[in-house]
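File shown here: final.cif, holding mmCIF, C-alpha atoms.
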```cif
data_run
loop_
_atom_site.label_atom_id
_atom_site.label_comp_id
_atom_site.auth_asym_id
_atom_site.auth_seq_id
_atom_site.Cartn_x
_atom_site.Cartn_y
_atom_site.Cartn_z
CA MET N 1 -0.02 98.69 50.64
CA ALA N 2 -1.54 99.28 54.06
CA LEU N 3 -0.53 95.83 55.34
CA VAL N 4 3.01 94.63 56.05
CA LEU N 5 2.10 90.92 56.15
CA ASP N 6 2.85 89.36 52.77
CA SER N 7 -0.03 88.49 50.48
CA ALA N 8 0.58 84.72 50.59
CA ALA N 9 0.34 84.78 54.39
CA GLN N 10 -2.85 86.88 54.18
CA ASP N 11 -4.33 84.24 51.88
CA LEU N 12 -3.18 81.33 54.04
CA LEU N 13 -4.56 82.72 57.29
CA PHE N 14 -7.65 84.63 56.20
CA ARG N 15 -8.61 85.10 52.56
CA GLU N 16 -8.34 81.56 51.25
CA ALA N 17 -8.66 79.70 54.55
CA ARG N 18 -12.05 78.18 55.15
CA THR N 19 -13.89 76.28 57.88
CA ALA N 20 -13.79 72.65 56.74
CA ASN N 21 -16.70 70.25 57.12
CA THR N 22 -15.01 67.23 55.52
CA PHE N 23 -11.41 66.01 55.78
CA THR N 24 -8.99 63.65 54.06
CA GLU N 25 -7.56 60.73 56.03
CA GLU N 26 -4.10 62.33 56.27
CA PRO N 27 -3.20 62.31 59.97
CA VAL N 28 -2.32 65.38 62.04
CA SER N 29 0.78 64.69 64.13
CA ASP N 30 1.55 65.74 67.70
CA GLU N 31 4.56 67.56 66.20
CA GLN N 32 2.20 69.72 64.14
CA VAL N 33 0.07 70.54 67.18
CA GLN N 34 3.19 71.35 69.17
CA ALA N 35 4.42 73.71 66.42
CA ILE N 36 0.99 75.38 66.36
CA TYR N 37 0.99 75.80 70.13
CA ASP N 38 4.57 77.04 70.27
CA LEU N 39 3.63 79.81 67.83
CA VAL N 40 0.26 80.90 69.18
CA LYS N 41 1.20 80.73 72.85
CA TYR N 42 2.66 84.22 72.33
CA GLY N 43 -0.74 85.75 71.56
CA PRO N 44 -1.73 88.29 74.23
CA THR N 45 -3.99 87.65 77.23
CA ALA N 46 -4.74 90.01 80.12
CA PHE N 47 -1.96 89.77 82.72
CA ASN N 48 -0.60 86.90 80.58
CA GLN N 49 -3.17 84.74 82.37
CA SER N 50 -3.11 82.05 79.63
CA PRO N 51 -6.27 80.19 80.70
CA LEU N 52 -6.64 78.02 77.56
CA ARG N 53 -6.29 74.25 77.82
CA VAL N 54 -6.37 71.83 74.88
CA THR N 55 -7.59 68.24 75.03
CA LEU N 56 -6.62 66.26 71.93
CA ILE N 57 -9.00 63.44 71.13
CA ARG N 58 -6.81 60.65 69.71
CA SER N 59 -8.40 57.39 70.89
CA ASP N 60 -11.56 55.89 69.43
CA GLU N 61 -12.95 55.61 72.93
CA ALA N 62 -12.49 59.32 73.73
CA ARG N 63 -13.95 60.24 70.34
CA GLU N 64 -17.10 58.24 70.99
CA ARG N 65 -17.46 59.84 74.41
CA LEU N 66 -17.20 63.28 72.76
CA CYS N 67 -19.51 62.54 69.82
CA GLY N 68 -22.31 61.60 72.19
CA HIS N 69 -22.44 65.23 73.34
CA MET N 70 -22.15 66.89 69.90
CA ALA N 71 -25.18 68.29 68.09
CA GLU N 72 -26.45 65.79 65.55
CA GLY N 73 -25.27 67.85 62.57
CA ASN N 74 -21.75 68.01 63.99
CA GLN N 75 -21.41 64.29 64.72
CA PRO N 76 -20.36 62.95 61.29
CA LYS N 77 -17.47 65.39 60.87
CA THR N 78 -16.38 65.04 64.50
CA ARG N 79 -16.34 61.28 63.97
CA THR N 80 -14.19 61.43 60.81
CA ALA N 81 -11.80 64.37 61.29
CA PRO N 82 -8.14 63.27 61.58
CA LEU N 83 -7.83 65.11 64.88
CA VAL N 84 -10.32 66.72 67.24
CA ALA N 85 -9.32 69.30 69.87
CA VAL N 86 -11.52 70.27 72.82
CA LEU N 87 -10.65 73.85 73.81
CA SER N 88 -11.45 74.80 77.39
CA TYR N 89 -10.42 77.30 80.03
CA HIS N 90 -9.12 76.45 83.46
CA LEU N 91 -10.94 78.08 86.38
CA ASP N 92 -7.75 78.03 88.46
CA PHE N 93 -5.48 79.63 85.87
CA HIS N 94 -4.41 82.13 88.53
CA GLU N 95 -2.37 79.46 90.33
CA ARG N 96 0.21 79.79 87.54
CA LEU N 97 0.27 83.61 87.56
CA PRO N 98 3.37 84.01 89.75
CA GLU N 99 5.33 82.17 87.04
CA LEU N 100 3.49 83.80 84.15
CA LEU N 101 3.72 87.38 85.44
CA PRO N 102 7.05 87.47 87.31
CA HIS N 103 7.11 91.29 87.51
CA ALA N 104 3.71 91.42 89.28
CA PRO N 105 3.02 88.16 91.12
CA HIS N 106 0.64 89.94 93.52
CA ILE N 107 -1.97 90.08 90.72
CA LYS N 108 -2.84 86.43 91.47
CA ASP N 109 -4.53 87.41 94.74
CA ALA N 110 -5.19 91.12 94.15
CA VAL N 111 -7.25 90.55 91.01
CA PHE N 112 -8.15 86.88 90.76
CA SER N 113 -9.02 85.64 94.24
CA GLU N 114 -12.74 85.41 93.39
CA GLU N 115 -13.88 82.57 91.17
CA SER N 116 -16.53 84.71 89.46
CA VAL N 117 -13.78 87.08 88.28
CA ARG N 118 -11.73 84.15 86.99
CA GLU N 119 -14.78 82.76 85.24
CA SER N 120 -15.40 85.87 83.15
CA ALA N 121 -11.72 86.70 82.60
CA GLY N 122 -10.83 83.08 81.84
CA SER N 123 -13.67 82.68 79.39
CA LEU N 124 -12.85 85.88 77.50
CA ASN N 125 -9.10 85.39 77.41
CA ALA N 126 -9.25 81.71 76.49
CA THR N 127 -11.62 82.63 73.66
CA LEU N 128 -8.96 85.02 72.35
CA GLN N 129 -6.50 82.13 72.63
CA ALA N 130 -8.95 79.85 70.81
CA ALA N 131 -8.90 82.31 67.90
CA TYR N 132 -5.09 82.37 67.93
CA PHE N 133 -5.21 78.57 67.87
CA LEU N 134 -7.47 78.57 64.79
CA ILE N 135 -5.04 80.94 63.07
CA GLY N 136 -2.21 78.61 64.09
CA VAL N 137 -3.96 75.58 62.58
CA ARG N 138 -4.12 77.51 59.32
CA ALA N 139 -0.45 78.53 59.69
CA ALA N 140 0.32 74.78 59.66
CA GLY N 141 -1.42 74.43 56.30
CA LEU N 142 -4.36 72.66 57.88
CA ALA N 143 -8.06 73.47 57.94
CA ALA N 144 -9.94 73.99 61.19
CA GLY N 145 -13.60 73.24 61.78
CA PRO N 146 -14.55 75.09 64.96
CA MET N 147 -17.90 74.10 66.50
CA THR N 148 -19.98 75.40 69.38
CA GLY N 149 -22.91 73.06 68.74
CA PHE N 150 -22.64 70.59 71.64
CA ASP N 151 -23.99 69.98 75.13
CA ALA N 152 -21.44 71.98 77.14
CA ASP N 153 -22.52 70.58 80.51
CA GLY N 154 -22.24 67.09 79.10
CA VAL N 155 -18.74 67.70 77.69
CA ASN N 156 -17.63 69.28 80.97
CA LYS N 157 -18.84 66.32 83.00
CA GLU N 158 -17.40 63.82 80.52
CA PHE N 159 -13.91 65.28 80.27
CA PHE N 160 -13.48 67.65 83.21
CA GLY N 161 -14.92 65.66 86.05
CA ASP N 162 -13.16 67.74 88.69
CA GLY N 163 -15.26 70.74 87.61
CA ARG N 164 -12.21 72.98 87.11
CA GLN N 165 -12.34 73.35 83.32
CA ARG N 166 -15.11 74.56 81.02
CA VAL N 167 -15.35 73.77 77.35
CA LEU N 168 -15.46 76.70 74.90
CA MET N 169 -15.24 75.08 71.52
CA VAL N 170 -14.52 71.81 69.74
CA VAL N 171 -12.27 72.01 66.68
CA ASN N 172 -11.90 69.45 63.91
CA ILE N 173 -8.45 69.60 62.31
CA GLY N 174 -7.07 68.14 59.08
CA LYS N 175 -6.64 68.59 55.36
CA PRO N 176 -9.93 69.55 53.71
CA GLY N 177 -11.72 66.69 51.93
CA PRO N 178 -14.22 66.68 49.05
CA ASP N 179 -16.90 69.38 49.17
CA ALA N 180 -15.36 70.66 52.39
CA TRP N 181 -17.30 73.93 52.42
CA PHE N 182 -20.10 76.01 51.02
CA PRO N 183 -19.15 78.93 48.75
CA ARG N 184 -17.76 81.79 50.83
CA SER N 185 -20.60 83.73 52.46
CA PRO N 186 -20.63 87.54 52.34
CA ARG N 187 -19.11 89.65 55.09
CA LEU N 188 -20.34 92.91 56.56
CA SER N 189 -18.76 95.96 54.95
CA TYR N 190 -16.35 98.26 56.74
CA ASP N 191 -19.08 100.91 56.98
CA ASP N 192 -21.49 98.38 58.52
CA VAL N 193 -19.05 97.53 61.28
CA VAL N 194 -16.94 100.63 61.95
CA THR N 195 -18.18 103.88 63.50
CA VAL N 196 -15.82 106.86 63.81
CA LEU N 197 -16.34 109.23 66.74
CA MET W 1 9.13 72.43 59.36
CA ALA W 2 5.71 71.74 60.80
CA LEU W 3 4.36 75.20 59.85
CA VAL W 4 3.65 76.46 56.33
CA LEU W 5 3.48 80.15 57.32
CA ASP W 6 6.84 81.78 56.61
CA SER W 7 9.08 82.64 59.52
CA ALA W 8 8.90 86.43 58.98
CA ALA W 9 5.11 86.28 59.21
CA GLN W 10 5.34 84.13 62.36
CA ASP W 11 7.57 86.77 63.91
CA LEU W 12 5.37 89.67 62.80
CA LEU W 13 2.14 88.19 64.12
CA PHE W 14 3.26 86.23 67.20
CA ARG W 15 6.90 85.79 68.15
CA GLU W 16 8.13 89.38 67.97
CA ALA W 17 4.80 91.18 68.31
CA ARG W 18 4.16 92.63 71.75
CA THR W 19 1.37 94.42 73.58
CA ALA W 20 2.43 98.09 73.57
CA ASN W 21 1.99 100.42 76.53
CA THR W 22 3.55 103.52 74.90
CA PHE W 23 3.27 104.79 71.33
CA THR W 24 4.96 107.22 68.97
CA GLU W 25 2.93 110.14 67.58
CA GLU W 26 2.74 108.61 64.09
CA PRO W 27 -0.94 108.57 63.16
CA VAL W 28 -2.95 105.48 62.21
CA SER W 29 -5.04 106.17 59.11
CA ASP W 30 -8.57 105.06 58.29
CA GLU W 31 -7.01 103.34 55.25
CA GLN W 32 -4.93 101.18 57.58
CA VAL W 33 -7.97 100.26 59.68
CA GLN W 34 -9.93 99.47 56.53
CA ALA W 35 -7.13 97.20 55.28
CA ILE W 36 -7.05 95.46 58.67
CA TYR W 37 -10.81 94.95 58.65
CA ASP W 38 -10.90 93.78 55.04
CA LEU W 39 -8.42 91.05 55.95
CA VAL W 40 -9.75 89.87 59.28
CA LYS W 41 -13.43 89.98 58.33
CA TYR W 42 -12.83 86.53 56.81
CA GLY W 43 -12.05 84.95 60.17
CA PRO W 44 -14.68 82.35 61.08
CA THR W 45 -17.71 82.89 63.34
CA ALA W 46 -20.55 80.45 64.05
CA PHE W 47 -23.13 80.68 61.26
CA ASN W 48 -21.04 83.64 59.96
CA GLN W 49 -22.89 85.70 62.56
CA SER W 50 -20.21 88.44 62.58
CA PRO W 51 -21.33 90.23 65.76
CA LEU W 52 -18.23 92.45 66.20
CA ARG W 53 -18.57 96.21 65.90
CA VAL W 54 -15.68 98.68 66.06
CA THR W 55 -15.91 102.25 67.34
CA LEU W 56 -12.84 104.30 66.42
CA ILE W 57 -12.11 107.10 68.88
CA ARG W 58 -10.74 109.95 66.75
CA SER W 59 -12.00 113.17 68.38
CA ASP W 60 -10.57 114.65 71.58
CA GLU W 61 -14.09 114.81 72.95
CA ALA W 62 -14.80 111.09 72.42
CA ARG W 63 -11.42 110.21 73.88
CA GLU W 64 -12.12 112.14 77.06
CA ARG W 65 -15.50 110.45 77.37
CA LEU W 66 -13.79 107.07 77.07
CA CYS W 67 -10.87 107.81 79.41
CA GLY W 68 -13.28 108.65 82.20
CA HIS W 69 -14.35 105.00 82.27
CA MET W 70 -10.88 103.42 81.98
CA ALA W 71 -9.05 101.98 84.98
CA GLU W 72 -6.57 104.51 86.31
CA GLY W 73 -3.55 102.55 85.11
CA ASN W 74 -4.95 102.42 81.58
CA GLN W 75 -5.76 106.13 81.29
CA PRO W 76 -2.35 107.58 80.28
CA LYS W 77 -1.87 105.19 77.36
CA THR W 78 -5.49 105.49 76.26
CA ARG W 79 -5.04 109.27 76.28
CA THR W 80 -1.87 109.21 74.16
CA ALA W 81 -2.27 106.31 71.72
CA PRO W 82 -2.56 107.47 68.07
CA LEU W 83 -5.82 105.58 67.71
CA VAL W 84 -8.17 103.87 70.15
CA ALA W 85 -10.74 101.26 69.09
CA VAL W 86 -13.66 100.18 71.24
CA LEU W 87 -14.59 96.61 70.31
CA SER W 88 -18.15 95.55 71.06
CA TYR W 89 -20.74 93.04 69.97
CA HIS W 90 -24.18 93.84 68.68
CA LEU W 91 -27.07 92.11 70.44
CA ASP W 92 -29.13 92.18 67.24
CA PHE W 93 -26.51 90.69 64.95
CA HIS W 94 -29.11 88.16 63.82
CA GLU W 95 -30.94 90.83 61.84
CA ARG W 96 -28.15 90.60 59.25
CA LEU W 97 -28.07 86.79 59.11
CA PRO W 98 -30.25 86.41 55.99
CA GLU W 99 -27.55 88.35 54.09
CA LEU W 100 -24.64 86.72 55.90
CA LEU W 101 -25.88 83.13 55.60
CA PRO W 102 -27.72 83.07 52.27
CA HIS W 103 -27.84 79.25 52.13
CA ALA W 104 -29.62 79.01 55.52
CA PRO W 105 -31.53 82.23 56.25
CA HIS W 106 -33.90 80.36 58.58
CA ILE W 107 -31.12 80.21 61.21
CA LYS W 108 -31.95 83.82 62.14
CA ASP W 109 -35.21 82.75 63.79
CA ALA W 110 -34.57 79.05 64.37
CA VAL W 111 -31.44 79.63 66.48
CA PHE W 112 -31.26 83.29 67.45
CA SER W 113 -34.76 84.44 68.33
CA GLU W 114 -33.94 84.63 72.06
CA GLU W 115 -31.78 87.49 73.26
CA SER W 116 -30.05 85.32 75.89
CA VAL W 117 -28.80 83.03 73.10
CA ARG W 118 -27.56 86.03 71.11
CA GLU W 119 -25.85 87.39 74.19
CA SER W 120 -23.71 84.31 74.77
CA ALA W 121 -23.12 83.57 71.07
CA GLY W 122 -22.43 87.23 70.26
CA SER W 123 -20.00 87.61 73.12
CA LEU W 124 -18.05 84.46 72.25
CA ASN W 125 -17.95 85.03 68.50
CA ALA W 126 -17.10 88.73 68.74
CA THR W 127 -14.27 87.81 71.10
CA LEU W 128 -12.92 85.50 68.40
CA GLN W 129 -13.22 88.43 65.99
CA ALA W 130 -11.45 90.70 68.49
CA ALA W 131 -8.50 88.30 68.41
CA TYR W 132 -8.51 88.31 64.60
CA PHE W 133 -8.52 92.13 64.79
CA LEU W 134 -5.46 92.13 67.08
CA ILE W 135 -3.69 89.84 64.60
CA GLY W 136 -4.74 92.21 61.81
CA VAL W 137 -3.28 95.24 63.63
CA ARG W 138 0.01 93.36 63.78
CA ALA W 139 -0.32 92.42 60.10
CA ALA W 140 -0.38 96.17 59.40
CA GLY W 141 2.99 96.56 61.15
CA LEU W 142 1.34 98.23 64.14
CA ALA W 143 1.28 97.34 67.81
CA ALA W 144 -1.98 96.73 69.66
CA GLY W 145 -2.58 97.42 73.32
CA PRO W 146 -5.74 95.48 74.23
CA MET W 147 -7.32 96.36 77.58
CA THR W 148 -10.18 94.96 79.63
CA GLY W 149 -9.61 97.26 82.60
CA PHE W 150 -12.55 99.67 82.37
CA ASP W 151 -16.06 100.18 83.71
CA ALA W 152 -18.01 98.20 81.12
CA ASP W 153 -21.42 99.50 82.21
CA GLY W 154 -20.07 103.04 82.00
CA VAL W 155 -18.64 102.52 78.50
CA ASN W 156 -21.87 100.89 77.34
CA LYS W 157 -23.99 103.79 78.58
CA GLU W 158 -21.55 106.36 77.23
CA PHE W 159 -21.24 104.97 73.70
CA PHE W 160 -24.13 102.55 73.20
CA GLY W 161 -27.02 104.46 74.67
CA ASP W 162 -29.61 102.35 72.86
CA GLY W 163 -28.47 99.34 74.89
CA ARG W 164 -27.92 97.18 71.82
CA GLN W 165 -24.12 96.89 71.95
CA ARG W 166 -21.81 95.66 74.71
CA VAL W 167 -18.14 96.52 74.99
CA LEU W 168 -15.65 93.63 75.05
CA MET W 169 -12.28 95.33 74.89
CA VAL W 170 -10.57 98.66 74.24
CA VAL W 171 -7.50 98.57 71.99
CA ASN W 172 -4.78 101.19 71.70
CA ILE W 173 -3.17 101.14 68.25
CA GLY W 174 0.02 102.68 66.91
CA LYS W 175 3.77 102.33 66.49
CA PRO W 176 5.43 101.32 69.79
CA GLY W 177 7.12 104.17 71.64
CA PRO W 178 10.01 104.19 74.14
CA ASP W 179 9.92 101.45 76.77
CA ALA W 180 6.73 100.12 75.20
CA TRP W 181 6.77 96.83 77.07
CA PHE W 182 8.20 94.71 79.84
CA PRO W 183 10.53 91.85 78.85
CA ARG W 184 8.51 88.97 77.40
CA SER W 185 6.89 86.95 80.18
CA PRO W 186 7.11 83.14 80.14
CA ARG W 187 4.41 81.02 78.56
CA LEU W 188 2.99 77.70 79.71
CA SER W 189 4.67 74.71 78.07
CA TYR W 190 2.92 72.41 75.60
CA ASP W 191 2.73 69.71 78.28
CA ASP W 192 1.13 72.15 80.73
CA VAL W 193 -1.64 73.01 78.29
CA VAL W 194 -2.22 69.94 76.12
CA THR W 195 -3.73 66.64 77.29
CA VAL W 196 -3.96 63.70 74.88
CA LEU W 197 -6.85 61.26 75.30
#
```
Can you turn what I pasted into C-alpha cells?
Amino acid sequence: MALVLDSAAQDLLFREARTANTFTEEPVSDEQVQAIYDLVKYGPTAFNQSPLRVTLIRSDEARERLCGHMAEGNQPKTRTAPLVAVLSYHLDFHERLPELLPHAPHIKDAVFSEESVRESAGSLNATLQAAYFLIGVRAAGLAAGPMTGFDADGVNKEFFGDGRQRVLMVVNIGKPGPDAWFPRSPRLSYDDVVTVL
Amino acid sequence: MALVLDSAAQDLLFREARTANTFTEEPVSDEQVQAIYDLVKYGPTAFNQSPLRVTLIRSDEARERLCGHMAEGNQPKTRTAPLVAVLSYHLDFHERLPELLPHAPHIKDAVFSEESVRESAGSLNATLQAAYFLIGVRAAGLAAGPMTGFDADGVNKEFFGDGRQRVLMVVNIGKPGPDAWFPRSPRLSYDDVVTVL
C-alpha cells in the first residue's frame, strides 16, 4: 500500500466524489461551512499569505444578483443549489501578513509592496486554497459544483465594488440530487502526465 | 460532528501536515508517485481539461539544472530533498479533450481554440490540480515543500524548450528531517474570511 490515507477517505475525497450538477433541498448550515473552513485553512500558501475570501450567497436577492452574471448553462444549478459560495482573492492580503507570518513580518513590504506581485501571488495561492475548499466540502459529505463559467468583471463589480477582491470560482454546495452527474470521464494516465528526468 | 472525514485523515491531510524545509534521506519511489497520481487525478477540473504535467527530477544533472533557477533561499532544500517535482501546465491540453470529455468533444474547438483562453484556463485548473497533488503527497505519508520562488522563464526554457509548458510550482517531497518547519503560523478566522450575503 503506497498510500497511508485510508481507503474510505480516498473514496470520499477523490475516487467516489463527483462534481454535482443537481442537488437535493437539504440545507447546508453555517456550522458545516465553518467546519470545512476550520479544516482547510491549514492548507499551505506561500508565506502563509492566505488570500482566499469566501462570500456565501444565502439570500434570494444576492442569488439573483449572482445568477445574472453566470453563463446560461450554469444558471439553473446556481439558482437551485442549497448554498452557493463565491471564492475570491483579496488584493490587499499583505496587510494581514504581520499577523500571519510572525517570524518574518518584513515580507509584507519586502515582497508584496507592488500590487502586480500581489495579483499574481494572490491569484495562484487563493486557487490552491479553492482546491483545499473543494476537498473540504467533500470531507463534510457534501458535493461541490465548481464553476468558472461567469462574467468575472460583472461578478467583481456586483459583489466587490471597492475593487479589492477578484472572483476565481463559484461553487454550488449540497447533497447530490437526481442525475447529478455524467458517468465519470477518463483521466490521463500516469505516463501521459509524468516525465522523469 | 459537521465533517464526515475521520479525524485521523483530517490530521494527516491538514491539521498535522506541514510544509517541510528539511528531509531525511529516505527515498521516494516511483510507485509512491504513481499511487499519489492515481488518487488525485480524479480531482475536478473545468471540462475535465486536466492541464497539469509533472516532471520528476531524479538525476543529479537535472537537479543541478533546476537549482540554478531557484531563489537562493530555496536552493539547499531543493538540492537535498529525496525527490523534486516540477509542476507545470500544458498549453495544448485541449488536444486531449476529445478523449477526456467523450460526451462533449466539440468543447475542444468551441471553447479552447484560442491560446489566450487555454493560458488562463490551464493555469487556473492546473493550480487546482497542484493543490490536489500536495494533498496526495500527504496522503502517502510524505511531506511536501511547495515553492514558487524561482525564475519561471529560466525553468521554462531549461525544461520546456518547445515553449508548450509553463511551470507553476516546484515541490520538494520526502519524509521531514530535523527542524523541518517553524511553529505553525496563525490562520485567519472564519469571520475574517467568510462574508454571508
Residue members of the PyMOL selection byres ((chain W and resi 20-35) around 8) in the file shown, as an MDAnalysis selection string: (chainID N and resid 2:3 190) or (chainID W and resid 18:19 36:39 77 80:83 137 140 143:145 173:181)
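Distances from N:Tyr89, N:Tyr42, N:Phe47, N:Phe133 to chain W were compared using only C-alpha atoms, and the smallest one belongs to N:Tyr42.
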Give me, as CSV, the closest atom pair and its distance (Å, one decimal) for every residue of chain W within a cut-off of 6 Å of chain N, counting only C-alpha atoms, rows sorted by chain and rising number.
```
residue,atom,partner,partner_atom,distance
W:Ala2,CA,N:Gln32,CA,5.2
W:Leu3,CA,N:Ala140,CA,4.1
W:Val4,CA,N:Ala140,CA,5.0
W:Leu5,CA,N:Ala139,CA,4.9
W:Phe14,CA,N:Tyr42,CA,5.5
W:Gln32,CA,N:Ala2,CA,5.2
W:Tyr42,CA,N:Phe14,CA,5.6
W:Gly43,CA,N:Phe14,CA,5.9
W:Arg53,CA,N:Val193,CA,4.8
W:Val54,CA,N:Val194,CA,4.7
W:Thr55,CA,N:Thr195,CA,4.7
W:Leu56,CA,N:Val196,CA,4.7
W:Ile57,CA,N:Leu197,CA,5.2
W:Arg58,CA,N:Leu197,CA,5.6
W:Leu100,CA,N:Pro186,CA,5.4
W:Leu128,CA,N:Ala131,CA,5.2
W:Ala131,CA,N:Leu128,CA,5.1
W:Ala139,CA,N:Leu5,CA,4.9
W:Ala140,CA,N:Leu3,CA,4.1
W:Gly141,CA,N:Val4,CA,5.5
W:Pro186,CA,N:Leu100,CA,5.4
W:Val193,CA,N:Arg53,CA,4.8
W:Val194,CA,N:Val54,CA,4.7
W:Thr195,CA,N:Thr55,CA,4.8
W:Val196,CA,N:Leu56,CA,4.7
W:Leu197,CA,N:Ile57,CA,5.2
```
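Interatomic distance, CA of Arg65 (chain W) against CA of Asn172 (chain W): 15.3 Å.
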